[in-house]
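Colleague: Just so it is clear, I am handing over data_20.csv, which has CSV, C-alpha atoms.
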chain,number,residue,atom,x,y,z
N,1,MET,CA,-40.9,54.6,32.6
N,2,ASN,CA,-38.9,51.7,34.1
N,3,HIS,CA,-37.0,53.6,36.9
N,4,VAL,CA,-35.1,56.7,37.9
N,5,GLY,CA,-31.4,56.2,38.6
N,6,ILE,CA,-29.8,57.9,41.6
N,7,ALA,CA,-26.1,58.1,42.1
N,8,VAL,CA,-25.2,57.7,45.8
N,9,LYS,CA,-22.0,57.6,47.8
N,10,ASP,CA,-23.0,54.9,50.3
N,11,LEU,CA,-25.4,52.3,49.0
N,12,ASP,CA,-26.3,50.8,52.5
N,13,SER,CA,-27.2,54.3,53.8
N,14,ALA,CA,-29.2,55.2,50.7
N,15,ILE,CA,-31.2,52.0,50.9
N,16,ALA,CA,-31.9,52.6,54.7
N,17,PHE,CA,-32.9,56.2,54.0
N,18,PHE,CA,-35.5,55.2,51.4
N,19,GLU,CA,-36.8,52.3,53.5
N,20,GLN,CA,-37.1,54.5,56.7
N,21,THR,CA,-38.3,57.7,55.0
N,22,TYR,CA,-40.6,56.4,52.3
N,23,GLY,CA,-41.3,52.8,53.2
N,24,ALA,CA,-39.3,51.5,50.2
N,25,SER,CA,-38.7,47.8,49.7
N,26,LEU,CA,-35.5,46.3,48.2
N,27,VAL,CA,-36.2,44.5,45.0
N,28,TRP,CA,-32.6,43.4,44.3
N,29,ARG,CA,-29.0,44.3,44.8
N,30,ILE,CA,-26.1,43.4,42.6
N,31,LYS,CA,-22.4,44.3,41.9
N,32,TYR,CA,-21.3,44.9,38.4
N,33,GLU,CA,-17.6,44.3,38.9
N,34,ASP,CA,-16.8,45.1,35.2
N,35,GLN,CA,-18.2,48.6,35.7
N,36,GLN,CA,-17.0,49.0,39.3
N,37,ILE,CA,-20.5,49.8,40.6
N,38,GLU,CA,-23.1,48.3,42.9
N,39,SER,CA,-26.7,48.9,42.3
N,40,ALA,CA,-29.9,48.3,44.2
N,41,LEU,CA,-33.4,48.5,42.8
N,42,ILE,CA,-36.0,49.7,45.4
N,43,ALA,CA,-39.7,50.1,45.0
N,44,ILE,CA,-42.1,52.6,46.6
N,45,GLY,CA,-45.5,51.2,45.5
N,46,GLU,CA,-45.2,51.0,41.7
N,47,VAL,CA,-42.4,53.5,41.4
N,48,ARG,CA,-38.8,52.1,41.1
N,49,PHE,CA,-35.5,53.8,41.8
N,50,GLU,CA,-32.0,52.3,41.0
N,51,LEU,CA,-29.5,53.4,43.6
N,52,THR,CA,-26.0,53.1,42.3
N,53,ALA,CA,-22.6,53.6,44.1
N,54,GLY,CA,-19.1,53.4,42.7
N,55,LEU,CA,-16.9,50.6,44.0
N,56,ASP,CA,-13.8,52.5,42.8
N,57,GLN,CA,-13.0,56.2,42.5
N,58,GLY,CA,-12.4,55.6,38.8
N,59,SER,CA,-15.9,54.3,38.1
N,60,SER,CA,-18.3,56.4,36.1
N,61,VAL,CA,-20.7,56.8,39.1
N,62,ALA,CA,-17.9,57.9,41.4
N,63,LYS,CA,-16.7,60.5,38.7
N,64,PHE,CA,-20.3,61.6,38.3
N,65,ILE,CA,-20.7,62.2,42.1
N,66,ALA,CA,-17.3,64.0,42.3
N,67,ALA,CA,-18.4,66.4,39.5
N,68,ARG,CA,-22.1,66.9,40.4
N,69,GLY,CA,-22.7,65.4,43.8
N,70,GLU,CA,-25.2,62.7,44.7
N,71,GLY,CA,-28.6,62.9,43.0
N,72,MET,CA,-30.5,62.0,39.9
N,73,HIS,CA,-28.3,60.2,37.4
N,74,HIS,CA,-30.6,58.9,34.7
N,75,VAL,CA,-34.1,58.1,33.6
N,76,SER,CA,-34.8,54.6,32.3
N,77,LEU,CA,-37.4,54.0,29.6
N,78,GLU,CA,-38.7,50.5,29.0
N,79,VAL,CA,-39.2,49.6,25.4
N,80,GLU,CA,-40.2,46.7,23.2
N,81,GLY,CA,-38.1,46.1,20.1
N,82,PHE,CA,-34.8,47.3,21.6
N,83,GLU,CA,-32.8,47.1,18.4
N,84,GLN,CA,-35.3,49.0,16.3
N,85,VAL,CA,-35.7,51.7,19.0
N,86,LEU,CA,-32.0,52.1,19.3
N,87,ALA,CA,-31.6,52.2,15.5
N,88,GLY,CA,-34.3,54.9,15.3
N,89,LEU,CA,-32.5,57.0,18.0
N,90,LYS,CA,-29.2,56.8,16.2
N,91,THR,CA,-30.9,57.8,12.9
N,92,LYS,CA,-32.2,60.9,14.7
N,93,GLY,CA,-28.7,61.8,15.6
N,94,LEU,CA,-28.6,60.7,19.2
N,95,LYS,CA,-25.2,59.5,20.5
N,96,ILE,CA,-25.2,56.2,22.3
N,97,LEU,CA,-22.7,55.9,25.1
N,98,ALA,CA,-22.8,52.2,26.0
N,99,GLU,CA,-24.9,49.1,25.2
N,100,ALA,CA,-25.3,46.0,27.3
N,101,ASP,CA,-26.9,42.6,26.6
N,102,THR,CA,-27.2,40.6,29.8
N,103,GLU,CA,-29.1,37.5,30.8
N,104,ASP,CA,-31.8,39.8,32.3
N,105,PHE,CA,-32.0,42.8,30.0
N,106,LYS,CA,-30.7,44.8,27.0
N,107,ALA,CA,-29.8,48.4,27.7
N,108,ALA,CA,-28.2,51.4,26.2
N,109,PHE,CA,-27.5,54.9,27.4
N,110,VAL,CA,-28.2,58.0,25.3
N,111,HIS,CA,-25.5,60.7,25.8
N,112,PRO,CA,-26.9,63.8,27.7
N,113,LYS,CA,-25.3,66.2,25.1
N,114,SER,CA,-27.6,64.8,22.4
N,115,ASN,CA,-30.6,64.5,24.7
N,116,LEU,CA,-31.3,67.9,26.3
N,117,GLY,CA,-28.8,67.3,29.1
N,118,LEU,CA,-30.5,64.1,30.3
N,119,LEU,CA,-28.8,60.7,30.5
N,120,MET,CA,-31.4,58.4,29.2
N,121,GLU,CA,-31.3,54.6,29.6
N,122,ILE,CA,-33.3,52.6,27.1
N,123,ILE,CA,-34.0,49.1,28.5
N,124,GLU,CA,-35.8,46.0,27.4
N,125,PRO,CA,-36.2,43.4,30.2
N,126,LYS,CA,-35.9,39.8,29.0
N,127,LYS,CA,-38.0,38.7,32.0
N,128,ASP,CA,-39.9,40.1,34.9
N,129,GLU,CA,-37.9,43.0,36.3
N,130,ARG,CA,-38.2,41.6,39.8
N,131,SER,CA,-35.9,38.8,38.8
N,132,TRP,CA,-33.0,41.1,37.6
N,133,GLY,CA,-29.8,40.4,39.4
N,134,GLY,CA,-30.8,36.8,40.3
N,135,LYS,CA,-33.4,37.9,42.8
N,136,GLY,CA,-37.2,37.6,43.0
Can you present the structure in this file as C-alpha coordinates?
Modeller:
Amino acid sequence: MNHVGIAVKDLDSAIAFFEQTYGASLVWRIKYEDQQIESALIAIGEVRFELTAGLDQGSSVAKFIAARGEGMHHVSLEVEGFEQVLAGLKTKGLKILAEADTEDFKAAFVHPKSNLGLLMEIIEPKKDERSWGGKG
(Lines of atoms letter the chains of each structure in order from A and count residues from 1; the text may use other names and numbers.)
(Lines give C-alpha, C1' and ligand atoms only; values in the text may rest on other atoms or scores of the structure.)
Protein backbone atom coordinates (compact mmCIF):
# COMPACT_ATOMS: atom_id res chain seq x y z
CA MET A 1 0.00 0.00 0.00
CA ASN A 2 1.27 3.46 -0.85
CA HIS A 3 -1.19 5.64 1.08
CA VAL A 4 -4.79 6.21 2.14
CA GLY A 5 -6.49 9.28 0.69
CA ILE A 6 -8.68 11.42 2.93
CA ALA A 7 -10.98 14.15 1.62
CA VAL A 8 -10.96 17.22 3.89
CA LYS A 9 -12.65 20.63 3.86
CA ASP A 10 -9.70 22.60 5.25
CA LEU A 11 -6.22 21.34 4.42
CA ASP A 12 -4.40 23.52 6.97
CA SER A 13 -6.66 22.35 9.79
CA ALA A 14 -6.38 18.71 8.74
CA ILE A 15 -2.58 18.86 8.64
CA ALA A 16 -2.50 20.51 12.07
CA PHE A 17 -4.92 17.89 13.44
CA PHE A 18 -2.74 14.99 12.31
CA GLU A 19 0.44 16.68 13.52
CA GLN A 20 -0.97 17.51 16.96
CA THR A 21 -2.99 14.33 17.45
CA TYR A 22 -0.74 11.67 15.94
CA GLY A 23 2.65 13.33 15.61
CA ALA A 24 2.44 13.26 11.80
CA SER A 25 5.07 14.96 9.69
CA LEU A 26 4.42 16.76 6.44
CA VAL A 27 6.17 15.08 3.49
CA TRP A 28 4.95 17.44 0.76
CA ARG A 29 2.13 19.79 -0.20
CA ILE A 30 1.09 20.72 -3.73
CA LYS A 31 -1.74 22.33 -5.68
CA TYR A 32 -3.09 20.58 -8.75
CA GLU A 33 -4.67 23.60 -10.46
CA ASP A 34 -5.95 21.50 -13.38
CA GLN A 35 -8.00 19.39 -10.93
CA GLN A 36 -8.82 22.29 -8.58
CA ILE A 37 -7.43 20.41 -5.56
CA GLU A 38 -4.62 20.80 -3.06
CA SER A 39 -3.02 17.76 -1.47
CA ALA A 40 -0.60 17.12 1.34
CA LEU A 41 1.16 13.84 2.01
CA ILE A 42 1.73 13.23 5.71
CA ALA A 43 3.55 10.39 7.42
CA ILE A 44 2.99 8.74 10.76
CA GLY A 45 5.96 6.41 11.01
CA GLU A 46 5.86 4.35 7.82
CA VAL A 47 2.14 4.97 7.22
CA ARG A 48 1.20 7.71 4.74
CA PHE A 49 -2.02 9.63 4.24
CA GLU A 50 -2.83 12.01 1.40
CA LEU A 51 -5.08 14.80 2.65
CA THR A 52 -6.93 16.48 -0.21
CA ALA A 53 -9.14 19.57 -0.26
CA GLY A 54 -11.04 21.12 -3.15
CA LEU A 55 -9.99 24.56 -4.32
CA ASP A 56 -13.35 25.07 -6.03
CA GLN A 57 -16.88 23.82 -5.29
CA GLY A 58 -16.87 22.10 -8.69
CA SER A 59 -13.82 19.96 -7.96
CA SER A 60 -14.25 16.22 -7.59
CA VAL A 61 -13.13 16.36 -3.94
CA ALA A 62 -15.56 19.17 -3.06
CA LYS A 63 -18.38 17.19 -4.70
CA PHE A 64 -17.30 14.07 -2.79
CA ILE A 65 -17.40 15.96 0.53
CA ALA A 66 -20.78 17.54 -0.31
CA ALA A 67 -22.24 14.08 -0.98
CA ARG A 68 -20.48 12.00 1.68
CA GLY A 69 -18.73 14.33 4.10
CA GLU A 70 -15.08 14.35 5.03
CA GLY A 71 -13.36 11.01 5.34
CA MET A 72 -11.67 8.21 3.50
CA HIS A 73 -11.58 8.93 -0.21
CA HIS A 74 -9.34 6.24 -1.71
CA VAL A 75 -6.72 3.57 -1.10
CA SER A 76 -3.55 3.78 -3.17
CA LEU A 77 -1.67 0.64 -4.20
CA GLU A 78 1.89 0.99 -5.43
CA VAL A 79 2.78 -1.21 -8.38
CA GLU A 80 5.62 -1.98 -10.74
CA GLY A 81 4.79 -2.34 -14.43
CA PHE A 82 2.00 0.24 -14.37
CA GLU A 83 0.82 -0.29 -17.96
CA GLN A 84 0.65 -4.08 -17.56
CA VAL A 85 -1.22 -3.83 -14.25
CA LEU A 86 -3.71 -1.37 -15.71
CA ALA A 87 -4.23 -3.52 -18.82
CA GLY A 88 -4.88 -6.52 -16.57
CA LEU A 89 -7.46 -4.63 -14.52
CA LYS A 90 -9.24 -3.49 -17.68
CA THR A 91 -9.23 -7.06 -19.00
CA LYS A 92 -10.93 -8.12 -15.76
CA GLY A 93 -13.71 -5.62 -16.45
CA LEU A 94 -12.72 -2.87 -14.04
CA LYS A 95 -13.60 0.66 -15.15
CA ILE A 96 -10.77 3.21 -15.05
CA LEU A 97 -11.86 6.76 -14.19
CA ALA A 98 -8.74 8.74 -14.88
CA GLU A 99 -5.08 8.27 -15.70
CA ALA A 100 -2.17 10.63 -15.07
CA ASP A 101 1.46 10.54 -16.12
CA THR A 102 3.40 13.22 -14.26
CA GLU A 103 7.07 13.91 -13.74
CA ASP A 104 6.88 12.07 -10.40
CA PHE A 105 4.43 9.20 -10.92
CA LYS A 106 1.94 7.36 -13.10
CA ALA A 107 -1.51 6.89 -11.57
CA ALA A 108 -5.00 5.72 -12.40
CA PHE A 109 -8.23 5.43 -10.43
CA VAL A 110 -10.46 2.37 -10.54
CA HIS A 111 -14.16 3.27 -10.39
CA PRO A 112 -15.80 2.21 -7.11
CA LYS A 113 -18.78 0.65 -8.93
CA SER A 114 -16.47 -1.93 -10.49
CA ASN A 115 -14.38 -2.36 -7.31
CA LEU A 116 -16.71 -3.34 -4.44
CA GLY A 117 -17.49 0.31 -3.66
CA LEU A 118 -13.86 1.36 -3.12
CA LEU A 119 -12.10 4.05 -5.15
CA MET A 120 -8.70 2.49 -5.73
CA GLU A 121 -5.67 4.39 -6.99
CA ILE A 122 -2.99 2.43 -8.79
CA ILE A 123 0.30 4.32 -8.63
CA GLU A 124 3.87 3.79 -9.82
CA PRO A 125 6.32 6.36 -8.48
CA LYS A 126 9.03 7.36 -10.93
CA LYS A 127 11.32 8.27 -8.04
CA ASP A 128 11.38 8.24 -4.26
CA GLU A 129 7.89 9.22 -3.03
CA ARG A 130 9.43 11.78 -0.65
CA SER A 131 10.28 13.85 -3.71
CA TRP A 132 6.73 14.04 -5.11
CA GLY A 133 5.56 17.56 -5.53
CA GLY A 134 9.07 18.95 -5.76
CA LYS A 135 9.81 18.37 -2.08
CA GLY A 136 12.27 16.14 -0.28
Colleague: Residues within 6 Å of region 58-67 of chain N, please, as a list in words. Count all atoms listed in the file; anything in the same chain fewer than 3 positions from it doesn't count.
Modeller: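 Close residues of region 58-67 of chain N: Gln36, Gly54 and Glu70 of chain N.
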Colleague: Residues within 8 Å of Ile15 (chain N), please, as a VMD selection string. Count all atoms listed in the file; anything in the same chain fewer than 3 positions from it doesn't count.
Modeller: chain N and resid 11 to 12 18 to 19 26 40 42 51
Colleague: Report as a list of chain:residue names all protein, DNA and RNA residues lying within 9 Å of His74 (chain N), evaluated on only C-alpha atoms, omitting residues in the same chain fewer than 4 positions from it.
Modeller: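 In the requested form, the answer reads N:His3, N:Val4, N:Gly5, N:Ile6, N:Ala7, N:Phe109, N:Leu118, N:Leu119, N:Met120, N:Glu121.
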Colleague: Select, counting only C-alpha atoms, all protein, DNA and RNA residues no farther than 6 Å from (-27.1, 60.0, 23.8) in file coordinates, and express the selection as a PyMOL selection string.
Modeller: chain N and resi 94-96+110-112+114-115
Colleague: In terms of the shortest atom-to-atom distance over only C-alpha atoms, which of N:Glu46, N:Glu78, N:Glu83, N:Asp101 is closest to Ile123 (chain N)?
Modeller: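 Between N:Glu46, N:Glu78, N:Glu83, N:Asp101, the residue approaching Ile123 (chain N) most closely is N:Glu78.
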Colleague: For a test of reading the model, state the distance in Å between CA of Ala24 (chain N) and CA of Glu124 (chain N), rounded to one decimal.
Modeller: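 Computing it gives 23.7 Å between the two atoms.
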